[in-house]
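Visitor: Data: query_22.csv, CSV, C-alpha atoms.
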```csv
chain,number,residue,atom,x,y,z
M,198,MET,CA,26.6,10.4,72.9
M,199,SER,CA,28.6,9.8,69.8
M,200,THR,CA,29.6,6.2,69.4
M,201,GLN,CA,31.9,6.4,66.3
M,202,ASP,CA,35.6,6.6,67.2
M,203,ILE,CA,36.6,10.1,66.1
M,204,ILE,CA,40.2,9.4,65.4
M,205,ASP,CA,39.3,6.3,63.3
M,206,THR,CA,36.7,8.4,61.4
M,207,LEU,CA,39.1,11.3,60.7
M,208,ALA,CA,42.0,9.0,59.8
M,209,GLY,CA,39.7,6.9,57.5
M,210,ILE,CA,40.4,3.7,59.3
M,211,GLU,CA,37.9,1.0,58.2
M,212,PRO,CA,36.7,-1.7,60.6
M,213,GLY,CA,38.6,-4.9,59.9
M,214,SER,CA,41.6,-3.1,58.3
M,215,ALA,CA,45.2,-3.7,59.3
M,216,LEU,CA,45.4,-0.4,61.1
M,217,ASP,CA,42.1,-1.2,62.9
M,218,ALA,CA,43.8,-4.3,64.3
M,219,ILE,CA,46.9,-2.3,65.3
M,220,ARG,CA,44.8,0.3,67.0
M,221,ALA,CA,42.9,-2.5,68.9
M,222,ARG,CA,46.2,-3.5,70.5
M,223,ARG,CA,46.1,-0.2,72.4
M,224,LEU,CA,42.4,-0.4,73.3
M,225,GLN,CA,42.7,1.7,76.5
M,226,ALA,CA,44.4,4.5,74.6
M,227,ARG,CA,41.9,4.3,71.8
M,228,GLU,CA,38.9,4.4,74.1
M,229,ASN,CA,40.3,7.1,76.3
M,230,ALA,CA,41.4,9.4,73.3
M,231,GLN,CA,37.7,9.1,72.4
M,232,LYS,CA,36.6,9.8,76.0
M,233,SER,CA,38.9,12.8,76.0
M,234,TYR,CA,37.1,14.1,72.9
M,235,LEU,CA,33.7,13.5,74.4
M,236,SER,CA,34.7,15.1,77.8
M,237,LEU,CA,35.8,18.2,75.9
M,238,PHE,CA,33.0,18.5,73.3
M,239,GLU,CA,30.1,16.9,75.2
M,240,PRO,CA,31.0,17.8,78.8
M,241,ILE,CA,28.9,17.1,81.9
M,242,ASP,CA,29.4,20.8,82.8
M,243,ALA,CA,30.0,23.5,80.2
M,244,GLY,CA,29.6,26.2,82.8
M,245,ASP,CA,33.2,27.5,82.6
M,246,VAL,CA,33.7,27.1,78.8
M,247,SER,CA,30.6,27.1,76.6
M,248,LEU,CA,30.2,24.6,73.7
M,249,ALA,CA,30.4,27.5,71.2
M,250,GLU,CA,33.7,28.6,72.7
M,251,ARG,CA,35.0,25.1,72.6
M,252,ALA,CA,34.0,24.8,68.9
M,253,ALA,CA,35.5,28.2,68.0
M,254,VAL,CA,38.8,27.4,69.7
M,255,ALA,CA,38.9,23.9,68.0
M,256,ALA,CA,38.2,25.4,64.6
M,257,PHE,CA,40.9,28.0,65.1
M,258,VAL,CA,43.5,25.5,66.5
M,259,THR,CA,43.0,22.9,63.8
M,260,GLY,CA,42.8,25.5,61.1
M,261,LEU,CA,46.2,26.9,62.1
M,262,HIS,CA,47.6,23.4,61.3
M,263,GLY,CA,46.5,23.8,57.7
M,264,GLU,CA,43.7,22.3,55.6
M,265,SER,CA,42.9,18.8,56.8
M,266,PRO,CA,39.9,16.5,57.5
M,267,VAL,CA,40.4,17.4,61.1
M,268,ALA,CA,40.1,21.2,60.4
M,269,THR,CA,37.1,20.6,58.3
M,270,PHE,CA,35.4,18.5,61.0
M,271,TYR,CA,35.8,21.2,63.6
M,272,ARG,CA,34.9,24.1,61.3
M,273,ASP,CA,31.6,22.1,60.6
M,274,LYS,CA,31.1,21.7,64.3
M,275,LEU,CA,31.4,25.4,64.8
M,276,ALA,CA,29.0,26.0,61.9
M,277,ALA,CA,26.5,23.6,63.5
M,278,ASN,CA,26.4,25.5,66.8
M,279,ALA,CA,23.7,28.2,66.9
M,280,ASN,CA,26.0,30.5,68.9
M,281,GLY,CA,29.1,29.4,66.9
M,282,ALA,CA,27.9,30.0,63.4
M,283,PRO,CA,28.0,33.8,63.7
M,284,LEU,CA,31.7,33.4,64.6
M,285,LEU,CA,32.7,31.5,61.5
M,286,GLU,CA,33.8,34.5,59.4
M,287,ALA,CA,35.9,35.9,62.2
M,288,ILE,CA,37.5,32.5,62.9
M,289,ASP,CA,38.3,32.0,59.2
M,290,ALA,CA,39.9,35.5,59.0
M,291,GLU,CA,42.0,34.9,62.2
M,292,ILE,CA,43.2,31.5,60.9
M,293,ALA,CA,44.4,33.2,57.8
M,294,ARG,CA,46.2,35.8,59.8
M,295,GLY,CA,47.6,33.4,62.3
M,296,ARG,CA,49.1,30.7,60.1
M,297,THR,CA,52.9,30.4,60.4
M,298,SER,CA,55.5,27.7,61.2
M,299,GLY,CA,56.5,26.4,64.6
M,300,PRO,CA,57.6,25.6,67.2
M,301,TYR,CA,59.5,28.8,67.9
M,302,GLY,CA,60.1,31.0,70.9
M,303,SER,CA,62.6,31.7,73.7
M,304,TYR,CA,64.2,29.8,76.5
M,305,PRO,CA,65.0,31.0,80.0
M,306,ALA,CA,68.1,33.2,79.7
M,307,GLY,CA,71.2,31.0,79.7
M,308,PRO,CA,73.0,28.5,77.5
M,309,LEU,CA,69.8,27.7,75.5
M,310,SER,CA,69.4,31.4,74.5
M,311,ILE,CA,71.3,30.7,71.3
M,312,GLU,CA,68.3,28.5,70.3
M,313,ASN,CA,65.8,31.3,70.7
M,314,THR,CA,63.8,31.7,67.5
M,315,ALA,CA,61.7,34.8,66.6
M,316,GLY,CA,58.3,34.4,65.1
M,317,LEU,CA,54.8,35.9,64.9
M,318,ILE,CA,53.4,37.2,68.1
M,319,TYR,CA,49.8,36.9,67.1
M,320,ARG,CA,47.1,39.3,68.2
M,321,VAL,CA,43.4,39.2,67.2
M,322,SER,CA,42.6,41.9,64.6
M,323,ALA,CA,40.6,44.9,65.6
M,324,ALA,CA,38.1,43.9,62.9
M,325,SER,CA,37.4,40.5,64.5
M,326,LYS,CA,37.2,41.7,68.1
M,327,PRO,CA,33.5,42.8,68.1
M,328,ALA,CA,32.3,39.4,66.8
M,329,LEU,CA,34.5,37.4,69.1
M,330,GLY,CA,34.3,39.4,72.3
M,331,ALA,CA,37.1,39.9,74.9
M,332,LYS,CA,37.0,36.4,76.4
M,333,LEU,CA,37.3,34.5,73.1
M,334,ALA,CA,39.8,37.0,71.6
M,335,ALA,CA,42.1,36.3,74.6
M,336,ALA,CA,41.6,32.6,74.1
M,337,LEU,CA,42.6,32.8,70.5
M,338,GLU,CA,45.7,34.7,71.3
M,339,HIS,CA,46.7,32.2,74.0
M,340,ALA,CA,45.8,29.2,71.7
M,341,HIS,CA,48.1,30.6,69.1
M,342,LEU,CA,50.9,30.7,71.6
M,343,LEU,CA,50.2,27.1,72.7
M,344,VAL,CA,50.2,25.9,69.1
M,345,PHE,CA,53.3,27.7,67.8
M,346,ARG,CA,55.4,28.9,70.7
M,347,PRO,CA,54.5,27.0,73.8
M,348,ARG,CA,58.0,27.6,75.3
M,349,ASP,CA,57.2,31.3,75.5
M,350,ALA,CA,54.3,30.8,77.9
M,351,ALA,CA,54.6,32.8,81.1
M,352,ALA,CA,52.7,33.5,84.3
M,353,SER,CA,51.5,36.8,82.7
M,354,ASP,CA,49.6,34.8,80.1
M,355,MET,CA,47.5,33.2,82.8
M,356,LYS,CA,46.8,36.7,84.2
M,357,ALA,CA,45.7,37.9,80.7
M,358,LEU,CA,43.2,35.0,80.6
M,359,LEU,CA,41.9,35.7,84.1
M,360,ASP,CA,41.6,39.4,83.3
M,361,ALA,CA,39.6,38.5,80.1
M,362,GLY,CA,37.0,36.7,82.2
M,363,TRP,CA,38.3,33.1,82.2
M,364,SER,CA,37.9,31.2,85.5
M,365,THR,CA,40.8,29.1,86.8
M,366,THR,CA,38.8,25.9,86.0
M,367,GLY,CA,38.0,27.4,82.6
M,368,ILE,CA,41.7,27.9,81.9
M,369,VAL,CA,42.4,24.2,82.7
M,370,THR,CA,39.6,23.0,80.4
M,371,PHE,CA,40.6,25.4,77.6
M,372,SER,CA,44.3,24.4,77.9
M,373,GLN,CA,43.4,20.7,77.8
M,374,LEU,CA,41.3,21.5,74.7
M,375,VAL,CA,44.1,23.1,72.8
M,376,ALA,CA,46.7,20.4,74.0
M,377,PHE,CA,44.3,17.5,73.2
M,378,LEU,CA,43.7,18.9,69.7
M,379,SER,CA,47.5,19.2,69.2
M,380,PHE,CA,47.6,15.4,69.9
M,381,GLN,CA,44.6,14.4,67.9
M,382,VAL,CA,45.6,16.3,64.7
M,383,ARG,CA,49.0,14.5,64.9
M,384,VAL,CA,47.7,11.0,65.5
M,385,VAL,CA,45.2,11.4,62.6
M,386,SER,CA,48.0,12.8,60.3
M,387,GLY,CA,50.4,10.0,61.3
M,388,LEU,CA,47.8,7.2,60.8
M,389,ARG,CA,46.6,8.7,57.5
M,390,THR,CA,50.2,8.8,56.3
M,391,LEU,CA,50.7,5.2,57.2
M,392,ALA,CA,47.5,4.1,55.6
M,393,ALA,CA,48.3,5.9,52.4
M,394,VAL,CA,51.8,4.3,52.2
M,395,ASN,CA,50.1,0.9,52.5
M,396,ALA,CA,47.3,1.6,50.1
R,284,MET,CA,54.9,30.6,95.4
R,285,SER,CA,57.1,32.3,92.9
R,286,ALA,CA,59.7,33.4,95.5
R,287,THR,CA,60.9,29.8,95.8
R,288,VAL,CA,61.1,29.0,92.1
R,289,ASN,CA,64.5,28.3,90.7
R,290,PRO,CA,63.9,27.6,87.0
R,291,PRO,CA,66.4,25.4,85.2
R,292,VAL,CA,68.1,27.0,82.2
R,293,VAL,CA,69.4,23.8,80.5
R,294,PHE,CA,67.9,20.4,79.5
R,295,SER,CA,69.0,17.7,82.0
R,296,GLN,CA,68.0,14.3,83.3
R,297,ASP,CA,67.7,15.8,86.8
R,298,GLU,CA,64.6,15.4,89.0
R,299,LEU,CA,62.8,18.7,88.8
R,300,GLY,CA,59.8,20.1,90.7
R,301,TRP,CA,56.9,21.9,89.0
R,302,VAL,CA,55.1,25.0,90.3
R,303,SER,CA,51.7,26.0,89.1
R,304,TRP,CA,50.9,29.6,88.0
R,305,ILE,CA,47.2,29.3,88.9
R,306,ASP,CA,45.5,27.7,91.9
R,307,PRO,CA,45.4,23.9,92.1
R,308,LEU,CA,42.5,22.5,94.1
R,309,PRO,CA,43.4,22.2,97.8
R,310,GLU,CA,43.8,18.5,98.8
R,311,ALA,CA,41.0,18.9,101.4
R,312,GLU,CA,38.5,19.9,98.8
R,313,LEU,CA,38.9,16.7,96.6
R,314,THR,CA,35.8,14.6,96.2
R,315,GLU,CA,35.3,11.1,94.8
R,316,ARG,CA,34.7,12.6,91.4
R,317,HIS,CA,38.2,14.2,91.7
R,318,PHE,CA,39.8,11.0,92.8
R,319,ASN,CA,38.4,9.2,89.8
R,320,GLY,CA,39.9,11.9,87.7
R,321,LEU,CA,43.3,11.5,89.3
R,322,VAL,CA,43.2,7.7,88.6
R,323,ASP,CA,46.0,7.1,91.1
R,324,ARG,CA,45.0,8.5,94.5
R,325,SER,CA,48.7,9.3,95.3
R,326,ARG,CA,48.6,12.0,92.5
R,327,ALA,CA,46.6,14.2,95.0
R,328,LYS,CA,50.1,15.1,96.4
R,329,SER,CA,51.1,16.6,93.0
R,330,GLU,CA,50.4,20.3,92.3
R,331,TYR,CA,50.2,19.6,88.6
R,332,PHE,CA,47.5,16.9,88.9
R,333,ARG,CA,45.6,18.9,91.5
R,334,LEU,CA,45.4,21.7,89.0
R,335,LEU,CA,44.3,19.5,86.1
R,336,VAL,CA,41.7,17.7,88.3
R,337,ARG,CA,39.7,20.9,88.1
R,338,ASP,CA,38.3,19.1,84.9
R,339,PRO,CA,38.3,15.6,86.3
R,340,GLU,CA,36.7,13.8,83.3
R,341,VAL,CA,39.3,15.2,80.9
R,342,LEU,CA,42.2,14.4,83.3
R,343,GLU,CA,41.0,10.8,83.7
R,344,ALA,CA,40.7,10.2,80.0
R,345,ARG,CA,44.1,11.9,79.4
R,346,THR,CA,45.8,9.8,82.1
R,347,LYS,CA,44.5,6.5,80.8
R,348,THR,CA,45.5,7.4,77.2
R,349,ASP,CA,49.0,8.2,78.5
R,350,LYS,CA,49.4,5.0,80.5
R,351,ASP,CA,48.4,2.7,77.6
R,352,ILE,CA,50.6,4.5,75.1
R,353,PHE,CA,53.7,4.2,77.3
R,354,TYR,CA,53.2,1.4,79.7
R,355,ASN,CA,51.4,-1.3,77.6
R,356,VAL,CA,54.5,-3.2,76.4
R,357,ALA,CA,52.8,-6.5,75.8
R,358,ASP,CA,53.8,-6.0,72.2
R,359,GLY,CA,55.0,-3.2,69.9
R,360,LEU,CA,57.8,-0.7,70.4
R,361,PRO,CA,60.2,-1.2,73.4
R,362,ARG,CA,59.4,1.2,76.2
R,363,ALA,CA,62.9,2.8,75.8
R,364,GLU,CA,62.0,4.0,72.3
R,365,ARG,CA,58.5,5.2,73.3
R,366,GLU,CA,60.3,7.3,75.9
R,367,LEU,CA,62.8,8.4,73.3
R,368,ALA,CA,59.9,9.7,71.2
R,369,ALA,CA,58.6,11.6,74.2
R,370,ALA,CA,62.0,13.1,75.1
R,371,ALA,CA,62.7,14.1,71.5
R,372,THR,CA,59.3,15.8,71.2
R,373,SER,CA,59.9,17.6,74.5
R,374,ARG,CA,63.4,18.7,73.4
R,375,TYR,CA,62.0,20.1,70.1
R,376,ASN,CA,59.0,21.8,71.6
R,377,GLY,CA,61.2,23.2,74.4
R,378,CYS,CA,59.7,21.5,77.5
R,379,ILE,CA,62.6,21.3,80.0
R,380,TYR,CA,60.4,19.6,82.6
R,381,CYS,CA,58.9,16.9,80.3
R,382,ALA,CA,62.3,16.2,78.7
R,383,SER,CA,63.9,15.6,82.1
R,384,VAL,CA,61.4,13.0,83.1
R,385,HIS,CA,61.3,11.1,79.8
R,386,ALA,CA,65.0,11.4,79.2
R,387,ARG,CA,65.5,9.7,82.6
R,388,PHE,CA,63.0,6.9,81.5
R,389,ALA,CA,64.7,6.5,78.2
R,390,SER,CA,68.1,6.2,79.9
R,391,THR,CA,66.7,3.7,82.4
R,392,TYR,CA,65.1,1.4,79.8
R,393,SER,CA,67.8,1.7,77.1
R,394,LYS,CA,70.9,1.8,79.3
R,395,ARG,CA,72.2,4.4,76.8
R,396,ARG,CA,72.3,7.4,79.2
R,397,ASP,CA,75.1,9.1,77.3
R,398,ASP,CA,73.2,9.0,74.0
R,399,VAL,CA,70.1,10.4,75.7
R,400,GLN,CA,72.2,13.1,77.2
R,401,ARG,CA,73.5,14.0,73.7
R,402,LEU,CA,69.9,14.4,72.5
R,403,LEU,CA,69.4,16.9,75.4
R,404,ASP,CA,72.8,18.7,74.9
R,405,GLU,CA,73.1,18.8,71.1
R,406,GLY,CA,69.3,18.8,70.3
R,407,VAL,CA,67.3,16.7,67.9
R,408,LYS,CA,70.0,16.6,65.2
R,409,ALA,CA,72.4,14.6,67.4
R,410,ASP,CA,73.5,11.4,65.7
R,411,LEU,CA,72.3,8.5,67.8
R,412,GLY,CA,72.5,5.7,65.3
R,413,GLU,CA,70.1,4.7,62.5
R,414,ARG,CA,67.2,3.4,64.7
R,415,TRP,CA,67.1,6.2,67.2
R,416,ASN,CA,67.7,8.8,64.5
R,417,ALA,CA,64.6,7.5,62.7
R,418,VAL,CA,62.5,7.7,65.9
R,419,VAL,CA,63.7,11.2,66.7
R,420,LYS,CA,63.3,12.5,63.2
R,421,ALA,CA,59.7,11.1,63.0
R,422,SER,CA,58.8,12.7,66.4
R,423,VAL,CA,60.2,16.0,65.3
R,424,ALA,CA,58.3,15.9,62.0
R,425,LEU,CA,55.1,15.2,63.9
R,426,ALA,CA,55.7,18.0,66.3
R,427,ALA,CA,56.2,20.7,63.6
R,428,THR,CA,53.3,22.9,62.7
R,429,PRO,CA,52.3,22.5,59.9
R,430,ILE,CA,52.9,18.8,60.5
R,431,ALA,CA,55.9,17.6,58.5
R,432,PHE,CA,55.5,13.9,59.0
R,433,GLY,CA,55.3,12.0,55.7
R,434,PRO,CA,56.0,8.8,53.7
R,435,ASP,CA,59.8,9.4,54.0
R,436,ASN,CA,59.5,9.1,57.8
R,437,ILE,CA,57.7,5.8,57.5
R,438,ALA,CA,60.3,4.5,55.0
R,439,GLU,CA,63.1,5.5,57.4
R,440,LEU,CA,61.4,3.8,60.4
R,441,ARG,CA,60.9,0.7,58.3
R,442,ARG,CA,64.6,0.7,57.2
R,443,ALA,CA,65.5,0.9,60.9
R,444,GLY,CA,63.5,-2.3,61.5
R,445,LEU,CA,60.2,-1.0,62.8
R,446,ASP,CA,57.0,-2.7,61.7
R,447,ASP,CA,53.6,-0.9,61.4
R,448,ALA,CA,52.5,-1.6,65.0
R,449,GLU,CA,55.8,-0.1,66.2
R,450,ILE,CA,55.4,2.8,63.9
R,451,VAL,CA,52.0,3.4,65.4
R,452,ASP,CA,53.6,3.4,68.9
R,453,VAL,CA,56.0,6.1,67.7
R,454,ILE,CA,53.0,8.1,66.3
R,455,ASN,CA,51.1,7.7,69.5
R,456,GLY,CA,54.0,8.5,71.8
R,457,ALA,CA,55.2,11.5,69.9
R,458,SER,CA,51.7,12.9,69.4
R,459,PHE,CA,50.9,12.5,73.1
R,460,PHE,CA,53.8,14.7,74.1
R,461,ASN,CA,52.4,17.5,72.0
R,462,TRP,CA,49.5,17.3,74.5
R,463,ALA,CA,51.7,17.0,77.6
R,464,ASN,CA,54.3,19.6,76.6
R,465,ARG,CA,51.6,22.3,76.1
R,466,LEU,CA,50.1,21.7,79.6
R,467,MET,CA,53.4,21.6,81.4
R,468,LEU,CA,54.8,24.6,79.6
R,469,SER,CA,51.8,26.9,79.9
R,470,LEU,CA,50.2,26.3,83.3
R,471,GLY,CA,53.4,26.6,85.4
R,472,GLU,CA,57.1,26.2,85.4
R,473,PRO,CA,59.8,23.8,86.5
R,474,SER,CA,62.0,24.4,89.5
R,475,LYS,CA,65.3,22.9,90.5
```
Could you spell out this file's structure in structure tokens?

Guide:
Amino acid sequence: MSTQDIIDTLAGIEPGSALDAIRARRLQARENAQKSYLSLFEPIDAGDVSLAERAAVAAFVTGLHGESPVATFYRDKLAANANGAPLLEAIDAEIARGRTSGPYGSYPAGPLSIENTAGLIYRVSAASKPALGAKLAAALEHAHLLVFRPRDAAASDMKALLDAGWSTTGIVTFSQLVAFLSFQVRVVSGLRTLAAVNA
Amino acid sequence: MSATVNPPVVFSQDELGWVSWIDPLPEAELTERHFNGLVDRSRAKSEYFRLLVRDPEVLEARTKTDKDIFYNVADGLPRAERELAAAATSRYNGCIYCASVHARFASTYSKRRDDVQRLLDEGVKADLGERWNAVVKASVALAATPIAFGPDNIAELRRAGLDDAEIVDVINGASFFNWANRLMLSLGEPSK
């Protein structure tokens, strides 16, 4: 078990600093953001989503947010996984192809339709598919939707994951993984910004 | 299931239902491990939580993170403004369900129901006064990908009277809804 708080580490929060004291006032949130991380990356049961799949999705999702200590951390995690390292090249290529600006997407037809915003509908390249395999390729396409255009999500996207070999429980874990990372990368960015302003 | 779904097409403060697109665990199959994941046993009645409890350890940690960020009001940002950050994030990401819940909470705790409604009707550019504008703008900047939150947001929050602990509450609350919105939007849909 890792003992170091991952958000503090990635945000560069030193023990005894002002931000350390502020974080300590939300101790349950701090400890459970850490437990969320551990439950996702050191799970009791990785039967539905392998550790290499988790690391690949994490490197992709955080990489889509741009260069950052968080993206580097998860890329390193992928590189350190024996089954993950062979995926690095494909993940890097797909990050480069997938980067865009969000959120965008469509609302249910009605008064909100005027707010519909078009954007990239990302699909994994033919070149990366052999390395990634069908299950992970489907995951990256869905992860991209979750990162940039979550309001486009539809029941048919669940079917696409099931058809690609994801179990229902695997979809829940995978969705939590992408959603958690969306949280973690923002908390780290916010805290780093605050620390830099105060430095 | 889908035959009974009546999806809302506008943001509102109404109480909405939520229907899963994939199978939640049946209540009869829940074990102690699952109840630990649910944290509150009463959540076994909710389709959303019975779906998420398929990964109980993650759900338990997520739920406890959520509760402390929003309910721990011993110090820091008033609950109303944490809920405002949640509602603004949900409005910007497009989560009609999450926005309805947290707009209602923001209204309840702030007693500014009309201002909250303007956030829903006009969107995140609605003029809600200096302090709320700063909270909404910071939440929106954090929700953008790439993340657009920067020193200007901190300066604006400080001008509006927030100290660093309160700014961290904004960061936590807004960031958390980037987690919640993605689950609610992608695993099922709201129903009136």

Visitor: Could you check how far CA of Trp304 in chain R sits from CA of Leu317 in chain M, in Å to one decimal?

Guide: 24.3 Å

Visitor: Suppose you want the space between CA of Glu315 in chain R and CA of Gln225 in chain M; what is it in Å?

Guide: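 Pair CA of Glu315 in chain R / CA of Gln225 in chain M returns 21.9 Å.
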
Visitor: Set the cut-off to 7 Å and count all atoms listed in the file: what are the residues of chain R that reach chain M? Output as a PyMOL selection string.

Guide: chain R and resi 292-293+304-305+335+337-338+340-341+344-345+347-348+351-352+376-378+425+427-429+432-434+448+454-455+458-459+461-462+465-466+468-469

Visitor: May I have the selected residues written with C-alpha atoms, as a short mmCIF file (atom, residue, chain, number, x, y, z; two decimals), in the coordinates of the input?

Guide:
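File again.cif, as written:
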```
data_model
loop_
_atom_site.label_atom_id
_atom_site.label_comp_id
_atom_site.auth_asym_id
_atom_site.auth_seq_id
_atom_site.Cartn_x
_atom_site.Cartn_y
_atom_site.Cartn_z
CA VAL R 292 68.10 27.00 82.20
CA VAL R 293 69.40 23.80 80.50
CA TRP R 304 50.90 29.60 88.00
CA ILE R 305 47.20 29.30 88.90
CA LEU R 335 44.30 19.50 86.10
CA ARG R 337 39.70 20.90 88.10
CA ASP R 338 38.30 19.10 84.90
CA GLU R 340 36.70 13.80 83.30
CA VAL R 341 39.30 15.20 80.90
CA ALA R 344 40.70 10.20 80.00
CA ARG R 345 44.10 11.90 79.40
CA LYS R 347 44.50 6.50 80.80
CA THR R 348 45.50 7.40 77.20
CA ASP R 351 48.40 2.70 77.60
CA ILE R 352 50.60 4.50 75.10
CA ASN R 376 59.00 21.80 71.60
CA GLY R 377 61.20 23.20 74.40
CA CYS R 378 59.70 21.50 77.50
CA LEU R 425 55.10 15.20 63.90
CA ALA R 427 56.20 20.70 63.60
CA THR R 428 53.30 22.90 62.70
CA PRO R 429 52.30 22.50 59.90
CA PHE R 432 55.50 13.90 59.00
CA GLY R 433 55.30 12.00 55.70
CA PRO R 434 56.00 8.80 53.70
CA ALA R 448 52.50 -1.60 65.00
CA ILE R 454 53.00 8.10 66.30
CA ASN R 455 51.10 7.70 69.50
CA SER R 458 51.70 12.90 69.40
CA PHE R 459 50.90 12.50 73.10
CA ASN R 461 52.40 17.50 72.00
CA TRP R 462 49.50 17.30 74.50
CA ARG R 465 51.60 22.30 76.10
CA LEU R 466 50.10 21.70 79.60
CA LEU R 468 54.80 24.60 79.60
CA SER R 469 51.80 26.90 79.90
#
```

Visitor: Go through R:Leu342, R:Pro361, R:Leu313, R:Tyr380 one by one, measure the shortest atom-to-atom distance of each to Lys328 in chain R using all atoms listed in the file, and give the residue with the smallest value.

Guide: R:Leu313

Visitor: Enter the distance from CA of Asp273 in chain M to CA of Gly456 in chain R, in Å, rounded to one decimal.

Guide: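 A separation of 28.5 Å between them.
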
Visitor: Could you make a table, as JSON lines, of the residues of range 324-369 of chain R that have an atom within 12 Å of an atom of range 399-410 of chain R, each with its nearest atom pair and distance in Å to one decimal, counting only C-alpha atoms, in chain and number order?

Guide:
```
{"residue": "R:Ala363", "atom": "CA", "partner": "R:Val399", "partner_atom": "CA", "distance": 10.5}
{"residue": "R:Glu364", "atom": "CA", "partner": "R:Val399", "partner_atom": "CA", "distance": 10.9}
{"residue": "R:Glu366", "atom": "CA", "partner": "R:Val399", "partner_atom": "CA", "distance": 10.3}
{"residue": "R:Leu367", "atom": "CA", "partner": "R:Val399", "partner_atom": "CA", "distance": 7.9}
{"residue": "R:Ala368", "atom": "CA", "partner": "R:Val407", "partner_atom": "CA", "distance": 10.7}
{"residue": "R:Ala369", "atom": "CA", "partner": "R:Val399", "partner_atom": "CA", "distance": 11.7}
```

Visitor: Will you give me range 356-368 of chain R, written with N, CA and C atoms and laid out as a short mmCIF file (atom, residue, chain, number, x, y, z; two decimals), in the first residue's frame?

Guide:
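Final output, saved to result.cif:
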```
data_model
loop_
_atom_site.label_atom_id
_atom_site.label_comp_id
_atom_site.auth_asym_id
_atom_site.auth_seq_id
_atom_site.Cartn_x
_atom_site.Cartn_y
_atom_site.Cartn_z
N VAL R 356 -19.23 21.82 7.40
CA VAL R 356 -19.30 23.29 7.40
C VAL R 356 -18.86 23.85 8.76
N ALA R 357 -18.01 23.09 9.46
CA ALA R 357 -17.46 23.59 10.72
C ALA R 357 -16.68 24.89 10.48
N ASP R 358 -16.09 25.00 9.30
CA ASP R 358 -15.37 26.22 8.92
C ASP R 358 -15.39 26.30 7.39
N GLY R 359 -14.80 27.37 6.86
CA GLY R 359 -14.68 27.46 5.40
C GLY R 359 -15.89 28.08 4.73
N LEU R 360 -16.04 27.78 3.45
CA LEU R 360 -17.07 28.39 2.61
C LEU R 360 -18.48 27.97 3.06
N PRO R 361 -19.43 28.92 3.11
CA PRO R 361 -20.81 28.54 3.45
C PRO R 361 -21.33 27.46 2.48
N ARG R 362 -22.18 26.61 3.01
CA ARG R 362 -22.74 25.51 2.21
C ARG R 362 -23.37 26.03 0.91
N ALA R 363 -24.05 27.16 0.97
CA ALA R 363 -24.74 27.69 -0.21
C ALA R 363 -23.77 27.86 -1.37
N GLU R 364 -22.57 28.35 -1.06
CA GLU R 364 -21.62 28.63 -2.14
C GLU R 364 -20.89 27.37 -2.63
N ARG R 365 -20.79 26.38 -1.77
CA ARG R 365 -20.28 25.08 -2.25
C ARG R 365 -21.29 24.49 -3.24
N GLU R 366 -22.58 24.62 -2.89
CA GLU R 366 -23.62 24.12 -3.78
C GLU R 366 -23.67 24.92 -5.08
N LEU R 367 -23.39 26.21 -4.97
CA LEU R 367 -23.32 27.05 -6.18
C LEU R 367 -22.21 26.55 -7.11
N ALA R 368 -21.06 26.23 -6.54
CA ALA R 368 -19.96 25.69 -7.36
C ALA R 368 -20.38 24.39 -8.04
#
```
